[in-house]
file data_37.cif (mmCIF, C-alpha atoms)
data_my_file
#
loop_
_atom_site.label_atom_id
_atom_site.label_comp_id
_atom_site.auth_asym_id
_atom_site.auth_seq_id
_atom_site.Cartn_x
_atom_site.Cartn_y
_atom_site.Cartn_z
CA MET A 10 14.66 -18.16 8.91
CA ARG A 11 15.25 -14.59 10.04
CA SER A 12 14.00 -13.33 13.38
CA LYS A 13 10.81 -11.30 13.20
CA GLU A 14 12.79 -8.13 13.87
CA GLN A 15 15.04 -8.65 10.83
CA ARG A 16 12.46 -9.37 8.17
CA VAL A 17 11.41 -7.18 5.26
CA VAL A 18 8.46 -5.12 6.44
CA ILE A 19 5.37 -5.23 4.23
CA VAL A 20 2.90 -2.36 4.62
CA PRO A 21 -0.34 -2.69 2.65
CA CYS A 22 -2.96 0.03 2.47
CA SER A 23 -5.92 0.02 4.86
CA GLY A 24 -8.60 0.84 2.30
CA ILE A 25 -11.93 -0.79 3.02
CA GLY A 26 -14.18 1.03 0.58
CA LYS A 27 -12.74 -0.14 -2.73
CA ALA A 28 -11.67 -3.45 -4.27
CA PHE A 29 -8.13 -2.19 -4.93
CA GLY A 30 -7.57 -1.82 -1.19
CA SER A 31 -8.56 -5.45 -0.72
CA VAL A 32 -6.17 -6.48 -3.50
CA SER A 33 -3.31 -4.70 -1.72
CA ARG A 34 -4.00 -6.60 1.49
CA GLU A 35 -4.49 -9.92 -0.29
CA ALA A 36 -1.13 -9.41 -2.03
CA ALA A 37 0.52 -8.71 1.32
CA TYR A 38 -0.97 -11.84 2.88
CA GLU A 39 -0.01 -13.94 -0.16
CA LEU A 40 3.56 -12.70 0.15
CA CYS A 41 3.91 -13.04 3.92
CA GLU A 42 1.90 -16.23 4.44
CA SER A 43 2.62 -18.20 1.27
CA LEU A 44 5.52 -16.93 -0.85
CA ARG A 45 8.10 -15.56 1.60
CA PRO A 46 6.85 -16.41 5.12
CA ASP A 47 10.36 -16.65 6.60
CA THR A 48 11.71 -13.33 5.36
CA THR A 49 8.76 -10.93 5.47
CA ARG A 50 6.29 -9.60 8.03
CA ILE A 51 3.31 -7.27 7.91
CA VAL A 52 3.21 -4.05 9.89
CA ALA A 53 -0.25 -2.54 10.31
CA LEU A 54 -0.61 0.91 8.79
CA SER A 55 -2.82 2.03 11.68
CA LYS A 56 0.11 1.59 14.07
CA LEU A 57 2.21 3.94 11.94
CA VAL A 58 -0.63 6.47 11.92
CA LEU A 59 -0.72 6.35 15.70
CA GLY A 60 3.06 6.60 15.89
CA ASP A 61 3.49 3.29 17.73
CA SER A 62 7.18 3.09 18.64
CA ALA A 63 7.64 -0.61 17.80
CA ALA A 64 6.04 -0.16 14.38
CA ARG A 65 8.14 2.95 13.65
CA GLU A 66 11.28 1.10 14.65
CA ALA A 67 10.36 -1.84 12.42
CA VAL A 68 10.04 0.34 9.31
CA SER A 69 13.04 2.53 10.08
CA ARG A 70 15.42 -0.39 10.74
CA ASN A 71 14.34 -2.79 8.02
CA PRO A 72 13.76 -2.69 4.29
CA ALA A 73 10.11 -1.92 3.64
CA VAL A 74 7.74 -2.66 0.80
CA THR A 75 4.56 -0.65 0.45
CA ILE A 76 1.49 -1.85 -1.43
CA ASP A 77 -0.97 0.96 -2.10
CA GLY A 78 -4.49 0.58 -3.40
CA CYS A 79 -5.00 4.07 -4.80
CA LYS A 80 -3.16 7.16 -5.94
CA ARG A 81 -3.27 8.68 -2.46
CA MET A 82 -0.39 6.35 -1.52
CA CYS A 83 -1.10 6.27 2.21
CA ALA A 84 1.22 3.34 2.91
CA SER A 85 4.12 4.90 1.04
CA LYS A 86 3.63 8.28 2.72
CA MET A 87 3.31 6.79 6.19
CA VAL A 88 6.49 4.72 5.83
CA LYS A 89 8.36 7.90 4.88
CA GLN A 90 6.81 9.85 7.74
CA SER A 91 7.84 7.05 10.10
CA GLY A 92 11.49 7.34 9.14
CA GLY A 93 11.58 4.42 6.73
CA THR A 94 12.63 4.13 3.11
CA ALA A 95 10.64 1.87 0.85
CA LEU A 96 12.74 -0.66 -1.02
CA TYR A 97 9.82 -1.16 -3.37
CA GLU A 98 6.61 0.83 -3.82
CA ALA A 99 3.94 -1.32 -5.41
CA THR A 100 0.57 0.06 -6.43
CA VAL A 101 -2.44 -2.00 -7.35
CA ILE A 102 -3.40 0.51 -10.03
CA ASP A 103 -0.09 -0.05 -11.85
CA GLY A 104 -0.53 -3.80 -11.51
CA PHE A 105 -4.02 -3.44 -12.95
CA ARG A 106 -2.66 -1.47 -15.92
CA ARG A 107 -0.22 -4.29 -16.64
CA HIS A 108 -2.95 -6.92 -16.34
CA LYS A 109 -6.01 -5.23 -17.75
CA GLU A 110 -7.66 -8.58 -18.39
CA LEU A 111 -8.19 -8.88 -14.63
CA LYS A 112 -11.08 -6.88 -13.18
CA PRO A 113 -10.97 -6.90 -9.38
CA GLU A 114 -14.38 -6.65 -7.74
CA GLY A 115 -15.68 -7.08 -4.21
CA VAL A 116 -14.45 -5.60 -0.98
CA ALA A 117 -15.38 -8.06 1.77
CA GLU A 118 -14.79 -10.97 -0.62
CA LEU A 119 -12.58 -10.43 -3.65
CA ASN A 120 -13.58 -12.08 -6.92
CA GLU A 121 -11.24 -14.51 -8.67
CA ASP A 122 -9.73 -11.74 -10.83
CA GLY A 123 -8.91 -9.75 -7.71
CA LYS A 124 -7.20 -12.75 -6.14
CA LYS A 125 -5.24 -13.43 -9.33
CA LEU A 126 -4.08 -9.82 -9.50
CA ALA A 127 -3.03 -9.99 -5.85
CA ARG A 128 -1.08 -13.18 -6.53
CA LEU A 129 0.71 -11.57 -9.50
CA LEU A 130 1.60 -8.51 -7.45
CA ALA A 131 2.91 -10.70 -4.63
CA GLU A 132 5.03 -12.69 -7.08
CA GLU A 133 6.48 -9.51 -8.57
CA ILE A 134 7.39 -8.26 -5.11
CA ALA A 135 8.91 -11.63 -4.14
CA GLU A 136 11.08 -11.58 -7.29
CA THR A 137 12.19 -8.03 -6.52
CA LEU A 138 13.16 -9.03 -2.99
CA ASP A 139 15.08 -12.03 -4.30
CA ARG A 140 16.98 -9.81 -6.73
CA ALA A 141 17.73 -7.32 -3.97
CA GLY A 142 19.27 -10.10 -1.88
CA PRO A 143 19.42 -10.51 1.90
CA SER A 144 22.22 -8.00 2.46
CA ARG A 145 20.40 -5.05 0.96
CA THR A 146 19.02 -2.73 3.52
CA GLY A 147 16.61 -0.76 1.42
CA LYS A 148 18.15 2.52 2.47
CA GLY A 149 17.78 4.84 -0.49
CA GLU A 150 20.39 3.48 -2.90
CA ASN A 151 18.60 0.16 -3.15
CA ARG A 152 15.20 1.57 -3.75
CA VAL A 153 13.28 0.06 -6.65
CA ARG A 154 10.19 1.64 -8.10
CA THR A 155 7.29 -0.43 -9.24
CA PRO A 156 7.34 -0.99 -13.02
CA ARG A 157 4.93 1.27 -14.84
CA ALA A 158 2.45 0.11 -17.40
CA MET B 9 -27.27 23.36 -7.13
CA SER B 10 -23.97 22.20 -5.68
CA GLU B 11 -24.00 19.34 -3.20
CA LEU B 12 -23.13 20.19 0.39
CA PRO B 13 -21.83 17.31 2.48
CA VAL B 14 -24.63 15.57 4.38
CA ARG B 15 -24.01 14.69 8.00
CA LYS B 16 -23.65 10.95 8.36
CA VAL B 17 -22.01 8.81 10.98
CA GLY B 18 -18.38 8.06 10.04
CA ILE B 19 -17.25 4.50 10.69
CA ILE B 20 -13.48 4.24 11.07
CA ALA B 21 -11.97 0.77 11.34
CA CYS B 22 -8.39 0.24 12.48
CA SER B 23 -8.09 -2.44 9.78
CA GLY B 24 -5.03 -3.78 11.65
CA GLU B 25 -3.50 -6.00 9.00
CA GLU B 26 -1.33 -7.93 11.47
CA LEU B 27 -4.16 -9.38 13.54
CA ALA B 28 -7.31 -11.38 12.89
CA GLU B 29 -9.09 -8.85 15.08
CA GLY B 30 -8.13 -6.22 12.50
CA THR B 31 -9.87 -8.27 9.85
CA VAL B 32 -12.87 -8.43 12.19
CA THR B 33 -12.96 -4.62 12.31
CA ARG B 34 -13.03 -4.38 8.50
CA GLN B 35 -15.73 -7.01 8.17
CA ALA B 36 -17.81 -5.36 10.89
CA ALA B 37 -17.47 -1.92 9.32
CA LEU B 38 -18.46 -3.28 5.92
CA LYS B 39 -21.54 -4.99 7.38
CA VAL B 40 -22.66 -1.67 8.82
CA LEU B 41 -21.82 0.35 5.70
CA ASN B 42 -23.24 -2.13 3.21
CA ALA B 43 -26.12 -3.77 4.99
CA LEU B 44 -27.12 -2.56 8.43
CA ARG B 45 -27.03 1.25 8.08
CA PRO B 46 -26.02 2.00 4.46
CA HIS B 47 -27.84 5.32 4.21
CA ASN B 48 -26.62 6.76 7.49
CA THR B 49 -22.95 5.89 7.38
CA VAL B 50 -19.77 6.71 5.51
CA THR B 51 -16.17 5.67 5.99
CA ILE B 52 -12.68 6.98 5.50
CA CYS B 53 -9.29 5.26 5.63
CA LEU B 54 -7.56 6.05 8.91
CA PRO B 55 -4.18 6.90 7.28
CA LEU B 56 -5.77 9.75 5.33
CA PHE B 57 -5.81 11.82 8.52
CA LEU B 58 -2.03 12.08 8.02
CA ALA B 59 -1.49 11.22 4.37
CA GLY B 60 -4.45 13.19 3.05
CA GLY B 61 -5.40 16.85 2.97
CA GLU B 62 -7.28 19.27 5.21
CA GLY B 63 -10.61 18.04 3.88
CA ASP B 64 -9.78 14.52 5.01
CA ARG B 65 -8.67 15.71 8.44
CA ALA B 66 -11.99 17.57 8.76
CA PHE B 67 -13.88 14.27 8.50
CA ALA B 68 -14.64 13.86 12.20
CA ARG B 69 -15.64 17.52 12.48
CA VAL B 70 -18.36 17.08 9.87
CA ASN B 71 -19.36 13.52 10.70
CA PRO B 72 -19.78 12.20 14.23
CA THR B 73 -17.54 9.13 14.21
CA ILE B 74 -17.59 5.63 15.64
CA THR B 75 -14.24 3.87 15.69
CA VAL B 76 -13.78 0.10 15.54
CA ASP B 77 -10.50 -1.18 16.93
CA GLY B 78 -9.12 -4.69 17.01
CA CYS B 79 -7.04 -4.47 20.16
CA GLU B 80 -6.32 -2.42 23.24
CA LEU B 81 -3.88 -0.19 21.35
CA ARG B 82 -7.01 1.53 20.01
CA CYS B 83 -5.18 3.01 17.02
CA ALA B 84 -8.37 4.15 15.27
CA ALA B 85 -9.89 5.84 18.32
CA ARG B 86 -6.69 7.55 19.41
CA ALA B 87 -5.54 8.63 15.94
CA THR B 88 -9.00 9.95 15.06
CA GLU B 89 -9.02 12.04 18.22
CA MET B 90 -5.44 13.25 17.63
CA TYR B 91 -5.83 14.26 14.01
CA SER B 92 -9.50 14.86 13.26
CA GLY B 93 -11.88 15.01 16.21
CA LYS B 94 -13.01 13.07 19.27
CA PRO B 95 -15.06 10.01 18.27
CA ALA B 96 -18.66 9.92 19.44
CA ALA B 97 -18.25 6.27 20.41
CA SER B 98 -15.81 3.41 20.03
CA VAL B 99 -15.83 -0.38 19.95
CA VAL B 100 -12.86 -2.64 20.74
CA VAL B 101 -13.19 -6.13 19.26
CA SER B 102 -10.97 -7.88 21.84
CA GLU B 103 -13.14 -6.47 24.62
CA LEU B 104 -16.35 -7.44 22.84
CA VAL B 105 -15.05 -10.97 22.33
CA ALA B 106 -14.20 -11.31 26.01
CA GLU B 107 -17.50 -9.75 27.09
CA HIS B 108 -19.56 -12.22 25.04
CA GLY B 109 -17.23 -15.24 25.26
CA LEU B 110 -17.08 -15.49 21.47
CA GLY B 111 -13.80 -17.40 21.21
CA LYS B 112 -10.50 -16.36 19.67
CA PRO B 113 -10.76 -14.86 16.16
CA GLU B 114 -8.21 -16.39 13.81
CA GLY B 115 -7.35 -16.04 10.13
CA LEU B 116 -6.09 -12.83 8.59
CA ARG B 117 -7.54 -13.52 5.15
CA ARG B 118 -10.47 -15.73 6.05
CA LEU B 119 -11.91 -15.53 9.54
CA ASN B 120 -12.71 -18.66 11.51
CA GLU B 121 -16.18 -19.08 13.00
CA ALA B 122 -15.25 -17.21 16.15
CA GLY B 123 -14.00 -14.33 14.00
CA GLN B 124 -17.20 -14.28 11.99
CA ARG B 125 -19.25 -14.23 15.19
CA ALA B 126 -17.11 -11.37 16.44
CA ALA B 127 -17.62 -9.43 13.18
CA GLN B 128 -21.38 -9.87 13.43
CA ALA B 129 -21.43 -8.85 17.10
CA ALA B 130 -19.24 -5.82 16.44
CA ALA B 131 -21.40 -4.78 13.49
CA GLU B 132 -24.57 -5.00 15.57
CA ARG B 133 -22.94 -2.99 18.36
CA VAL B 134 -21.83 -0.32 15.89
CA ALA B 135 -25.25 -0.18 14.23
CA ALA B 136 -26.87 0.40 17.63
CA LEU B 137 -24.34 3.14 18.34
CA VAL B 138 -25.11 4.74 14.95
CA ASP B 139 -28.77 4.93 15.99
CA GLU B 140 -27.85 6.44 19.35
CA VAL B 141 -25.59 9.04 17.76
CA LEU B 142 -28.18 10.02 15.19
CA GLU B 143 -30.89 10.25 17.81
CA GLU B 144 -28.70 12.65 19.72
CA LYS B 145 -27.94 14.73 16.64
CA GLU B 146 -30.98 14.79 14.46
CA ARG B 147 -33.59 12.35 13.33
CA PRO B 148 -34.14 11.83 9.61
CA ALA B 149 -37.56 12.88 8.28
CA ALA B 150 -40.43 10.54 9.03
CA GLY B 151 -40.89 7.95 6.31
CA ASP B 152 -37.21 7.79 5.48
CA GLU B 153 -36.58 4.07 5.08
CA ALA B 154 -33.09 4.59 6.44
CA ALA B 155 -34.42 5.98 9.71
CA PRO B 156 -32.41 4.94 12.73
CA GLY B 157 -33.68 1.79 14.37
CA HIS B 158 -34.98 0.36 11.10
CA ASP B 159 -32.73 -2.58 10.40
CA GLN B 160 -32.40 -2.60 6.64
CA GLY B 161 -31.45 -6.23 6.47
CA GLU B 162 -28.31 -7.77 5.04
CA ASP B 163 -30.09 -8.75 1.83
CA LYS B 164 -30.37 -5.09 0.82
CA ALA B 165 -26.72 -4.79 -0.09
CA ALA B 166 -25.51 -1.33 -1.03
CA GLU B 167 -22.12 0.03 -1.99
CA ALA B 168 -19.98 1.13 0.93
CA VAL B 169 -19.61 4.88 0.87
CA CYS B 170 -15.91 5.57 0.97
CA SER B 171 -14.66 9.08 1.46
CA CYS B 172 -11.26 8.48 -0.14
CA GLY B 173 -10.64 11.23 -2.64
CA SER B 174 -13.74 13.14 -1.67
CA GLY B 175 -12.36 15.34 1.07
CA ILE B 176 -14.50 18.25 2.09
CA PRO B 177 -13.22 21.47 0.49
CA VAL B 178 -12.05 24.22 2.82
CA LYS B 179 -11.33 27.93 2.32
CA LYS B 180 -8.86 29.89 4.38
CA LEU B 181 -10.08 33.30 5.56
CA VAL B 182 -8.37 35.88 7.72
CA ILE B 183 -10.69 36.62 10.62
CA GLU B 184 -9.63 38.94 13.44
CA GLY B 185 -6.03 38.65 12.27
CA GLN B 186 -6.03 34.85 12.36
CA THR B 187 -6.06 32.52 9.36
CA VAL B 188 -9.07 30.28 9.78
CA GLU B 189 -10.06 27.27 7.69
CA VAL B 190 -13.76 27.42 6.94
CA LEU B 191 -15.04 23.97 6.14
CA ALA B 192 -17.26 23.47 3.08
CA LEU B 193 -17.23 27.22 2.30
CA PRO B 194 -16.51 26.77 -1.45
CA LEU B 195 -19.59 24.58 -1.77
CA ILE B 196 -21.71 26.93 0.32
CA LEU B 197 -20.74 29.94 -1.81
CA LYS B 198 -21.39 28.07 -5.03
CA ARG B 199 -24.80 27.02 -3.77
CA PHE B 200 -25.85 30.63 -3.17
CA PHE B 201 -24.29 31.82 -6.43
CA ASP B 202 -26.13 29.13 -8.38
CA ALA B 203 -29.33 30.34 -6.74
CA GLY B 204 -28.64 33.86 -8.08
CA ARG B 205 -28.27 35.45 -4.63
CA GLN B 206 -26.64 38.87 -4.36
CA PRO B 207 -23.87 39.51 -1.82
CA ASP B 208 -25.78 41.88 0.41
CA GLU B 209 -26.30 42.22 4.14
CA ALA B 210 -29.63 40.42 3.93
CA LEU B 211 -27.84 37.30 2.72
CA ALA B 212 -25.21 37.32 5.47
CA HIS B 213 -27.50 35.70 8.05
CA GLU B 214 -28.41 32.83 5.71
CA LEU B 215 -24.76 32.27 4.79
CA MET B 216 -23.77 32.10 8.44
CA GLU B 217 -26.56 29.66 9.30
CA ILE B 218 -25.07 27.15 6.85
CA VAL B 219 -21.45 27.95 7.73
CA LYS B 220 -22.28 27.13 11.36
CA VAL B 221 -23.57 23.68 10.38
CA TYR B 222 -20.05 22.66 9.35
CA ASN B 223 -17.90 24.87 11.55
CA GLN B 224 -17.49 25.77 15.19
CA VAL B 225 -17.83 29.55 15.25
CA PRO B 226 -16.37 30.87 18.51
CA SER B 227 -18.82 32.79 20.65
CA GLY B 228 -18.14 36.47 20.28
CA ALA B 229 -16.58 36.09 16.83
CA GLU B 230 -19.76 35.61 14.83
CA GLY B 231 -19.81 39.22 13.61
CA SER B 232 -16.26 38.94 12.29
CA TYR B 233 -17.07 35.61 10.63
CA ARG B 234 -20.20 37.13 9.04
CA GLU B 235 -18.20 40.04 7.62
CA ALA B 236 -15.38 37.82 6.28
CA VAL B 237 -17.75 35.27 4.76
CA LEU B 238 -19.82 37.97 3.07
CA GLN B 239 -16.67 39.61 1.66
CA GLU B 240 -15.51 36.24 0.37
CA TYR B 241 -18.90 35.69 -1.24
CA ALA B 242 -18.71 39.07 -2.99
CA ALA B 243 -15.23 38.19 -4.32
CA PHE B 244 -16.50 34.74 -5.33
CA CYS B 245 -19.37 36.31 -7.32
CA LYS B 246 -16.97 38.68 -9.09
CA ARG B 247 -14.67 35.81 -10.07
CA LYS B 248 -17.56 33.71 -11.30
CA LYS B 249 -18.96 36.53 -13.42
CA ARG B 250 -15.58 37.04 -15.07
CA GLU B 251 -15.32 33.35 -16.00
#

call {"tool": "encode", "arguments": {"input": "data_37.cif", "output": "structure tokens"}}
result
Amino acid sequence: MRSKEQRVVIVPCSGIGKAFGSVSREAAYELCESLRPDTTRIVALSKLVLGDSAAREAVSRNPAVTIDGCKRMCASKMVKQSGGTALYEATVIDGFRRHKELKPEGVAELNEDGKKLARLLAEEIAETLDRAGPSRTGKGENRVRTPRA
Amino acid sequence: MSELPVRKVGIIACSGEELAEGTVTRQAALKVLNALRPHNTVTICLPLFLAGGEGDRAFARVNPTITVDGCELRCAARATEMYSGKPAASVVVSELVAEHGLGKPEGLRRLNEAGQRAAQAAAERVAALVDEVLEEKERPAAGDEAAPGHDQGEDKAAEAVCSCGSGIPVKKLVIEGQTVEVLALPLILKRFFDAGRQPDEALAHELMEIVKVYNQVPSGAEGSYREAVLQEYAAFCKRKKRE
């Protein structure tokens, strides 16, 4: 198990008005609580917005993965503005395009399709992290873009 | 007729994804937006103040805001004040929990009972603050079922109004040698153009009355604003007629 300070930082979007925002968070929780609890940790986007020094240090010193709910890409932009480089930029909309049979609905409580899509996204991210390996720092040369539909 | 933004109370949750209290803020905000005060409230994602455009940053200038934070860091309240405008009121879940002895919220994805109680308490506090803010600003017309103080009940679920992607348009004007962003001006000009109004001096007063709803016009500069806005309207009419 890595110390909390050395784990891959996962930054989901903070969207509360649309189902895709909830999918991004659910994917982050699935990854950090169930799939890779020992090697990942969540950093709250609001702390990066505020410029919290501990949060900025976490994203600038560790590989980061962003999970954005919409095309405005807040998580990705904030990681860059905080001095970090995303190892992997996942977007729910791209995941949705790859799995059009799943129709996420609900904000406070995601429907089953939304949870399935979140699980698939989390698994894709976990596989990408496994391929990247523990020694990769996520600094530019290791950056992987989310597969497009 | 083009739609000018309507003044509503903006609810901004910290959404802190690391803490159960952050989940409480989201649940509380959604209760207010969907059930308790659906017709008087709107929301925006906090990161858009930095990741979005000028229209997003103008959110707290157009809408009086109430922030909902999970912890004493108060990311939502402080970031809103730094990047958009001072919130009209703020709620901190950890303080509310301590004040009411609600127990420790737990569960990032699914709140425990204490978390659910905290979400309900925070939502009720925010709804009361919405009423206070609206009473201070302006009361809706009598008979409006969404009037402040009328609890609309959680069974009347409505869609949360999210401002993502619907930033308020701005227009930059040079006024007294300074570049000034005039909020909602494109919509205001279109509204008058659609109504067939001519860009004459008689219209300038009406234009300014609406411009002042969405913008702070410095005292002493109103004449310069009036002149610049009227010139912009004349140019707008010319462009529209050529299209």

call {"tool": "interface_residues", "arguments": {"input": "data_37.cif", "of": "chain A", "to": "chain B", "cutoff": "12 Å", "atoms": "only C-alpha atoms", "output": "PyMOL selection string"}}
result
chain A and resi 18-28+30-39+41-43+50-62+64+77-91+114-119+124

call {"tool": "closest_residue", "arguments": {"input": "data_37.cif", "among": "B:Leu215, B:Ala106, B:Ala203, B:Ala68", "to": "B:Gly93", "atoms": "only C-alpha atoms"}}
result
B:Ala68

call {"tool": "atom_distance", "arguments": {"input": "data_37.cif", "atom1": "atom CA of B:Gly123", "atom2": "atom CA of B:Gly111"}}
result
7.8 Å

call {"tool": "residues_around", "arguments": {"input": "data_37.cif", "residues": "stretch 237-239 of chain B", "least_positions_apart": "6", "cutoff": "10 Å", "atoms": "all atoms listed in the file", "output": "list of chain:residue names"}}
result
B:Leu181, B:Val182, B:Ile183, B:Val190, B:Leu193, B:Leu197, B:Pro207, B:Asp208, B:Glu209, B:Leu211, B:Ala212, B:His213, B:Leu215, B:Met216, B:Val219, B:Gly231, B:Cys245

call {"tool": "write_last_selection", "arguments": {"input": "data_37.cif", "atoms": "C-alpha atoms", "output": "PDB file, keeping the file's coordinate frame"}}
result
ATOM      1  CA  LEU B 181     -10.080  33.300   5.560  1.00  0.00           C
ATOM      2  CA  VAL B 182      -8.370  35.880   7.720  1.00  0.00           C
ATOM      3  CA  ILE B 183     -10.690  36.620  10.620  1.00  0.00           C
ATOM      4  CA  VAL B 190     -13.760  27.420   6.940  1.00  0.00           C
ATOM      5  CA  LEU B 193     -17.230  27.220   2.300  1.00  0.00           C
ATOM      6  CA  LEU B 197     -20.740  29.940  -1.810  1.00  0.00           C
ATOM      7  CA  PRO B 207     -23.870  39.510  -1.820  1.00  0.00           C
ATOM      8  CA  ASP B 208     -25.780  41.880   0.410  1.00  0.00           C
ATOM      9  CA  GLU B 209     -26.300  42.220   4.140  1.00  0.00           C
ATOM     10  CA  LEU B 211     -27.840  37.300   2.720  1.00  0.00           C
ATOM     11  CA  ALA B 212     -25.210  37.320   5.470  1.00  0.00           C
ATOM     12  CA  HIS B 213     -27.500  35.700   8.050  1.00  0.00           C
ATOM     13  CA  LEU B 215     -24.760  32.270   4.790  1.00  0.00           C
ATOM     14  CA  MET B 216     -23.770  32.100   8.440  1.00  0.00           C
ATOM     15  CA  VAL B 219     -21.450  27.950   7.730  1.00  0.00           C
ATOM     16  CA  GLY B 231     -19.810  39.220  13.610  1.00  0.00           C
ATOM     17  CA  CYS B 245     -19.370  36.310  -7.320  1.00  0.00           C
TER      18      CYS B 245
END

call {"tool": "resolve_selection", "arguments": {"input": "data_37.cif", "expression": "the PyMOL selection byres ((chain B and resi 132-137) around 12)", "output": "NGL selection string"}}
result
:B and (17-21 or 33 or 35-49 or 72-77 or 95-101 or 104-105 or 108 or 125-131 or 138-144 or 155-162)

call {"tool": "resolve_selection", "arguments": {"input": "data_37.cif", "expression": "the PyMOL selection byres ((chain A and resi 128-131) around 8)", "output": "ChimeraX atom specification"}}
result
/A:35-37,39-40,44,99,101,104,124-127,132-135

call {"tool": "atom_distance", "arguments": {"input": "data_37.cif", "atom1": "atom CA of A:Leu111", "atom2": "atom CA of B:Glu114"}}
result
29.4 Å

call {"tool": "resolve_selection", "arguments": {"input": "data_37.cif", "expression": "the PyMOL selection byres ((chain A and resi 71) around 8)", "output": "NGL selection string"}}
result
:A and (15-18 or 67-70 or 72-73 or 93 or 146-147)

call {"tool": "residues_around", "arguments": {"input": "data_37.cif", "residues": "stretch 177-179 of chain B", "least_positions_apart": "2", "cutoff": "9 Å", "atoms": "all atoms listed in the file", "output": "list in words"}}
result
Glu62, Gly63, Asp64, Ala66, Ser174, Gly175, Leu181, Val188, Glu189, Val190, Leu191, Ala192, Leu193, Pro194 and Leu195 of chain B

call {"tool": "atom_distance", "arguments": {"input": "data_37.cif", "atom1": "atom CA of B:Ala28", "atom2": "atom CA of A:Tyr97"}}
result
25.7 Å

call {"tool": "axis_aligned_box", "arguments": {"input": "data_37.cif", "around": "stretch 214-220 of chain B", "padding_each_side": "6 Å", "output": "JSON"}}
result
{"center_x": -24.9, "center_y": 30.0, "center_z": 8.1, "size_x": 19.0, "size_y": 17.7, "size_z": 18.6}
